[in-house]
$ cat run-v5.pdb   # PDB, C-alpha atoms
ATOM      1  CA  MET A  19     -16.790 -42.930 -27.180
ATOM      2  CA  ALA A  20     -15.160 -39.644 -26.182
ATOM      3  CA  LEU A  21     -17.239 -36.473 -26.060
ATOM      4  CA  PRO A  22     -16.061 -33.681 -28.332
ATOM      5  CA  ASN A  23     -14.598 -30.571 -26.615
ATOM      6  CA  SER A  24     -17.527 -28.515 -27.926
ATOM      7  CA  CYS A  25     -19.828 -30.207 -25.395
ATOM      8  CA  PHE A  26     -18.055 -28.390 -22.570
ATOM      9  CA  LEU A  27     -18.552 -24.945 -24.122
ATOM     10  CA  PRO A  28     -22.188 -24.579 -22.900
ATOM     11  CA  LEU A  29     -21.131 -25.642 -19.397
ATOM     12  CA  LEU A  30     -18.545 -22.883 -19.354
ATOM     13  CA  ALA A  31     -20.771 -20.268 -20.985
ATOM     14  CA  LEU A  32     -23.739 -20.624 -18.609
ATOM     15  CA  PRO A  33     -21.983 -19.280 -15.470
ATOM     16  CA  LEU A  34     -20.439 -16.438 -17.470
ATOM     17  CA  LEU A  35     -23.818 -15.447 -18.930
ATOM     18  CA  TYR A  36     -25.459 -15.597 -15.486
ATOM     19  CA  TRP A  37     -22.720 -13.419 -13.941
ATOM     20  CA  GLY A  38     -22.827 -10.885 -16.803
ATOM     21  CA  PHE A  39     -26.628 -10.608 -16.747
ATOM     22  CA  ASN A  40     -26.772 -10.039 -12.988
ATOM     23  CA  LEU A  41     -23.974  -7.481 -13.087
ATOM     24  CA  LEU A  42     -25.861  -5.450 -15.693
ATOM     25  CA  LYS A  43     -28.992  -5.434 -13.501
ATOM     26  CA  ARG A  44     -27.186  -3.748 -10.594
ATOM     27  CA  GLN A  45     -28.099  -0.089 -10.375
ATOM     28  CA  PRO A  46     -25.665   2.363  -8.816
ATOM     29  CA  LYS A  47     -26.604   4.296  -5.674
ATOM     30  CA  GLU A  48     -26.487   8.084  -5.741
ATOM     31  CA  THR A  49     -25.077   9.997  -2.774
ATOM     32  CA  LYS A  50     -25.137  13.780  -2.379
ATOM     33  CA  LEU A  51     -22.839  15.532   0.076
ATOM     34  CA  VAL A  52     -22.169  19.106   1.140
ATOM     35  CA  PHE A  53     -19.036  20.008   3.067
ATOM     36  CA  TYR A  54     -16.605  22.886   3.524
ATOM     37  CA  VAL A  55     -12.857  23.025   2.890
ATOM     38  CA  HIS A  56     -10.857  25.594   4.876
ATOM     39  CA  ASP A  57      -7.794  26.569   2.811
ATOM     40  CA  TYR A  58      -5.419  28.810   4.788
ATOM     41  CA  LEU A  59      -2.023  29.890   3.442
ATOM     42  CA  SER A  60      -1.399  32.165   6.440
ATOM     43  CA  GLY A  61      -2.196  32.516  10.121
ATOM     44  CA  HIS A  62      -1.808  30.299  13.188
ATOM     45  CA  ASP A  63      -3.912  27.593  11.522
ATOM     46  CA  THR A  64      -2.067  27.435   8.182
ATOM     47  CA  SER A  65      -3.106  24.332   6.261
ATOM     48  CA  ALA A  66      -1.434  24.943   2.889
ATOM     49  CA  ILE A  67       2.066  25.983   1.855
ATOM     50  CA  THR A  68       3.712  27.022  -1.386
ATOM     51  CA  VAL A  69       6.291  24.386  -2.317
ATOM     52  CA  ALA A  70       7.430  25.651  -5.725
ATOM     53  CA  GLY A  71       7.158  28.656  -7.981
ATOM     54  CA  LYS A  72       9.225  30.999 -10.133
ATOM     55  CA  ASP A  73      10.569  32.699  -6.985
ATOM     56  CA  GLY A  74      10.730  29.504  -4.909
ATOM     57  CA  PRO A  75       8.491  28.915  -1.884
ATOM     58  CA  GLN A  76       7.902  32.666  -1.491
ATOM     59  CA  THR A  77       5.967  32.815  -4.775
ATOM     60  CA  SER A  78       2.322  33.809  -4.415
ATOM     61  CA  VAL A  79      -0.268  31.199  -5.333
ATOM     62  CA  LEU A  80      -1.733  33.909  -7.571
ATOM     63  CA  HIS A  81       1.221  33.549  -9.996
ATOM     64  CA  PHE A  82       1.341  31.086 -12.881
ATOM     65  CA  GLY A  83       3.339  27.924 -12.131
ATOM     66  CA  THR A  84       3.065  28.063  -8.339
ATOM     67  CA  MET A  85       2.474  24.706  -6.631
ATOM     68  CA  VAL A  86       0.806  24.410  -3.219
ATOM     69  CA  ALA A  87       0.612  21.377  -0.906
ATOM     70  CA  VAL A  88      -2.553  21.194   1.209
ATOM     71  CA  ASP A  89      -3.819  19.421   4.315
ATOM     72  CA  ASP A  90      -7.027  21.418   4.767
ATOM     73  CA  PRO A  91      -9.713  20.750   7.367
ATOM     74  CA  VAL A  92     -13.052  19.540   5.959
ATOM     75  CA  THR A  93     -16.053  20.508   8.084
ATOM     76  CA  GLU A  94     -19.829  20.059   8.136
ATOM     77  CA  GLY A  95     -20.453  23.804   8.142
ATOM     78  CA  PRO A  96     -18.721  27.032   7.097
ATOM     79  CA  ASP A  97     -17.711  28.037  10.642
ATOM     80  CA  PRO A  98     -14.085  27.045  11.318
ATOM     81  CA  LYS A  99     -15.307  25.678  14.676
ATOM     82  CA  SER A 100     -17.943  23.403  13.085
ATOM     83  CA  LYS A 101     -17.416  19.643  13.325
ATOM     84  CA  GLU A 102     -14.379  18.420  11.375
ATOM     85  CA  ILE A 103     -15.303  15.358   9.313
ATOM     86  CA  GLY A 104     -12.087  14.957   7.334
ATOM     87  CA  ARG A 105      -9.066  16.428   5.610
ATOM     88  CA  ALA A 106      -8.452  17.533   2.022
ATOM     89  CA  GLN A 107      -4.910  16.390   1.254
ATOM     90  CA  GLY A 108      -3.060  16.878  -2.007
ATOM     91  CA  MET A 109      -1.964  19.803  -4.119
ATOM     92  CA  TYR A 110      -2.946  22.445  -6.578
ATOM     93  CA  ILE A 111      -0.997  24.360  -9.144
ATOM     94  CA  ASN A 112      -1.701  27.735 -10.694
ATOM     95  CA  SER A 113      -2.047  26.616 -14.290
ATOM     96  CA  GLN A 114      -3.433  29.708 -16.005
ATOM     97  CA  LEU A 115      -1.040  32.247 -17.531
ATOM     98  CA  ASP A 116      -2.903  35.213 -16.027
ATOM     99  CA  GLY A 117      -2.828  33.533 -12.589
ATOM    100  CA  LYS A 118      -6.617  33.209 -12.248
ATOM    101  CA  GLY A 119      -6.962  29.442 -12.502
ATOM    102  CA  LEU A 120      -5.834  26.463 -10.463
ATOM    103  CA  TYR A 121      -5.618  22.773 -11.256
ATOM    104  CA  LEU A 122      -6.741  20.721  -8.233
ATOM    105  CA  MET A 123      -5.812  17.167  -7.299
ATOM    106  CA  PHE A 124      -6.563  16.061  -3.766
ATOM    107  CA  SER A 125      -8.174  13.395  -1.634
ATOM    108  CA  VAL A 126     -10.996  14.100   0.779
ATOM    109  CA  ILE A 127     -10.217  11.688   3.610
ATOM    110  CA  PHE A 128     -13.216  11.243   5.898
ATOM    111  CA  THR A 129     -12.070  10.899   9.518
ATOM    112  CA  ASP A 130     -15.442  11.140  11.258
ATOM    113  CA  GLY A 131     -19.138  10.655  10.593
ATOM    114  CA  GLU A 132     -21.034   8.299   8.321
ATOM    115  CA  PHE A 133     -18.198   7.968   5.776
ATOM    116  CA  LYS A 134     -15.292   7.599   8.256
ATOM    117  CA  GLY A 135     -12.422   5.683   6.642
ATOM    118  CA  SER A 136     -13.571   6.414   3.076
ATOM    119  CA  THR A 137     -12.054   8.792   0.533
ATOM    120  CA  LEU A 138     -13.033  10.756  -2.561
ATOM    121  CA  GLU A 139     -10.454  11.692  -5.194
ATOM    122  CA  ILE A 140     -11.034  15.161  -6.641
ATOM    123  CA  GLN A 141      -9.450  16.493  -9.794
ATOM    124  CA  GLY A 142     -10.100  19.411 -12.099
ATOM    125  CA  ALA A 143      -9.912  23.089 -12.868
ATOM    126  CA  ASP A 144     -10.738  25.810 -10.358
ATOM    127  CA  LEU A 145     -11.228  29.144 -12.092
ATOM    128  CA  PHE A 146     -11.589  30.826  -8.711
ATOM    129  CA  ALA A 147     -12.872  34.153 -10.080
ATOM    130  CA  MET A 148     -16.074  32.352 -11.142
ATOM    131  CA  LYS A 149     -18.963  32.080  -8.682
ATOM    132  CA  GLU A 150     -19.441  28.335  -9.336
ATOM    133  CA  ARG A 151     -16.852  25.856 -10.588
ATOM    134  CA  GLU A 152     -17.426  22.223 -11.534
ATOM    135  CA  PHE A 153     -14.876  19.502 -10.800
ATOM    136  CA  SER A 154     -14.600  15.732 -11.237
ATOM    137  CA  ILE A 155     -14.763  12.943  -8.686
ATOM    138  CA  VAL A 156     -12.500  10.382 -10.327
ATOM    139  CA  SER A 157     -12.229   7.643  -7.712
ATOM    140  CA  GLY A 158     -12.850   6.674  -4.124
ATOM    141  CA  THR A 159     -12.350   4.063  -1.426
ATOM    142  CA  GLY A 160     -14.442   2.431   1.282
ATOM    143  CA  PHE A 161     -18.087   3.515   0.987
ATOM    144  CA  PHE A 162     -17.165   5.244  -2.289
ATOM    145  CA  ARG A 163     -15.494   2.289  -4.016
ATOM    146  CA  PHE A 164     -16.095   2.387  -7.817
ATOM    147  CA  VAL A 165     -17.375   5.951  -7.530
ATOM    148  CA  LYS A 166     -17.796   8.437 -10.340
ATOM    149  CA  GLY A 167     -19.286  11.864 -10.070
ATOM    150  CA  TYR A 168     -18.910  15.591 -10.031
ATOM    151  CA  GLY A 169     -19.015  18.521  -7.681
ATOM    152  CA  ILE A 170     -19.868  22.197  -7.671
ATOM    153  CA  MET A 171     -17.528  24.450  -5.725
ATOM    154  CA  THR A 172     -18.442  27.936  -4.513
ATOM    155  CA  THR A 173     -16.368  30.341  -2.486
ATOM    156  CA  HIS A 174     -18.101  30.875   0.841
ATOM    157  CA  PHE A 175     -15.413  33.255   2.153
ATOM    158  CA  ILE A 176     -12.218  34.689   0.701
ATOM    159  CA  ASP A 177      -9.518  36.975   2.109
ATOM    160  CA  ILE A 178      -7.135  37.476  -0.821
ATOM    161  CA  PRO A 179      -4.555  39.698   0.981
ATOM    162  CA  ASN A 180      -4.071  36.959   3.635
ATOM    163  CA  LEU A 181      -4.705  34.055   1.214
ATOM    164  CA  ARG A 182      -7.474  32.444   3.297
ATOM    165  CA  ALA A 183     -10.604  30.860   1.850
ATOM    166  CA  ILE A 184     -13.533  28.666   2.834
ATOM    167  CA  LEU A 185     -14.926  26.652  -0.057
ATOM    168  CA  LYS A 186     -18.337  24.995  -0.167
ATOM    169  CA  LEU A 187     -18.419  21.718  -2.113
ATOM    170  CA  HIS A 188     -21.681  20.145  -3.326
ATOM    171  CA  VAL A 189     -20.788  16.608  -4.426
ATOM    172  CA  THR A 190     -22.922  14.099  -6.336
ATOM    173  CA  VAL A 191     -21.521  10.595  -6.812
ATOM    174  CA  LYS A 192     -22.760   7.262  -8.120
ATOM    175  CA  HIS A 193     -21.346   4.071  -6.634
ATOM    176  CA  TYR A 194     -22.230   0.434  -5.929
TER     177      TYR A 194
END
$ encode --input "run-v5.pdb" --output "structure tokens"
Amino acid sequence: MALPNSCFLPLLALPLLYWGFNLLKRQPKETKLVFYVHDYLSGHDTSAITVAGKDGPQTSVLHFGTMVAVDDPVTEGPDPKSKEIGRAQGMYINSQLDGKGLYLMFSVIFTDGEFKGSTLEIQGADLFAMKEREFSIVSGTGFFRFVKGYGIMTTHFIDIPNLRAILKLHVTVKHY
């Protein structure tokens, strides 16, 4: 006598239930980081350039619609000579009509230290006139695979006439 197909349903369901139950029990790890991004649009160590704007590449980043490409050093401390642990690569665009707000999208690529070879993907608004700004961590690779989180950005140093800044990022992420 042939067994009905319904007899195989429990055999299929058991592994799926086991896998689902164990996945739900996994708790994410929390990692907190502090690092500095050195954003220089002028000088011998320029790390960012204007690529588009209403007046072309000569447009100031302080004008609405200006887009900047960045490859900024990421360091352990605020001193430009402190240990470089990565690069912040991507872009930002001045997205506020009065010119006082940027939209950031860049990767922090760790090139040294505990997280070497890993990345964090940062996205969000930067209303740079504010003392503290919050941004999103939307993805990551390596150590930060399946990451989600947020960061608080403060301006450690700014030289507006020469368009040079050092930004302090406090990052909190959850990952598996």
$ resolve_selection --input "run-v5.pdb" --expression "the PyMOL selection byres ((chain A and resi 100-110) around 8)" --output "PyMOL selection string"
chain A and resi 55+85-99+111-112+120-131+134
$ resolve_selection --input "run-v5.pdb" --expression "the PyMOL selection byres ((chain A and resi 177) around 12)" --output "list in words"
His56, Asp57, Tyr58, Leu59, Ser60, Gly61, Thr173, His174, Phe175, Ile176, Ile178, Pro179, Asn180, Leu181, Arg182, Ala183, Ile184 and Leu185 of chain A
$ resolve_selection --input "run-v5.pdb" --expression "the PyMOL selection byres ((chain A and resi 187) around 8)" --output "PyMOL selection string"
chain A and resi 51-55+169-172+185-186+188-189
$ closest_residue --input "run-v5.pdb" --among "A:Phe82, A:Tyr168, A:Tyr194, A:Tyr36" --to "Ile155 (chain A)" --atoms "all atoms listed in the file"
A:Tyr168
$ closest_residue --input "run-v5.pdb" --among "A:His193, A:Lys72, A:Arg44, A:Lys149" --to "Phe161 (chain A)" --atoms "all atoms listed in the file"
A:His193
$ closest_residue --input "run-v5.pdb" --among "A:Arg151, A:Lys118, A:His81, A:Lys47" --to "Lys166 (chain A)" --atoms "all atoms listed in the file"
A:Lys47
$ axis_aligned_box --input "run-v5.pdb" --around "region 153-170 of chain A" --padding-each-side "8 Å" --output "lines of an AutoDock Vina configuration file"
center_x = -16.0
center_y = 12.2
center_z = -5.0
size_x = 23.6
size_y = 35.9
size_z = 28.5
$ closest_residue --input "run-v5.pdb" --among "A:Glu48, A:Asp63, A:Asp116, A:Asp144" --to "Leu80 (chain A)" --atoms "all atoms listed in the file"
A:Asp116
$ atom_distance --input "run-v5.pdb" --atom1 "CA of Val79 (chain A)" --atom2 "CA of Gly119 (chain A)"
10.0 Å
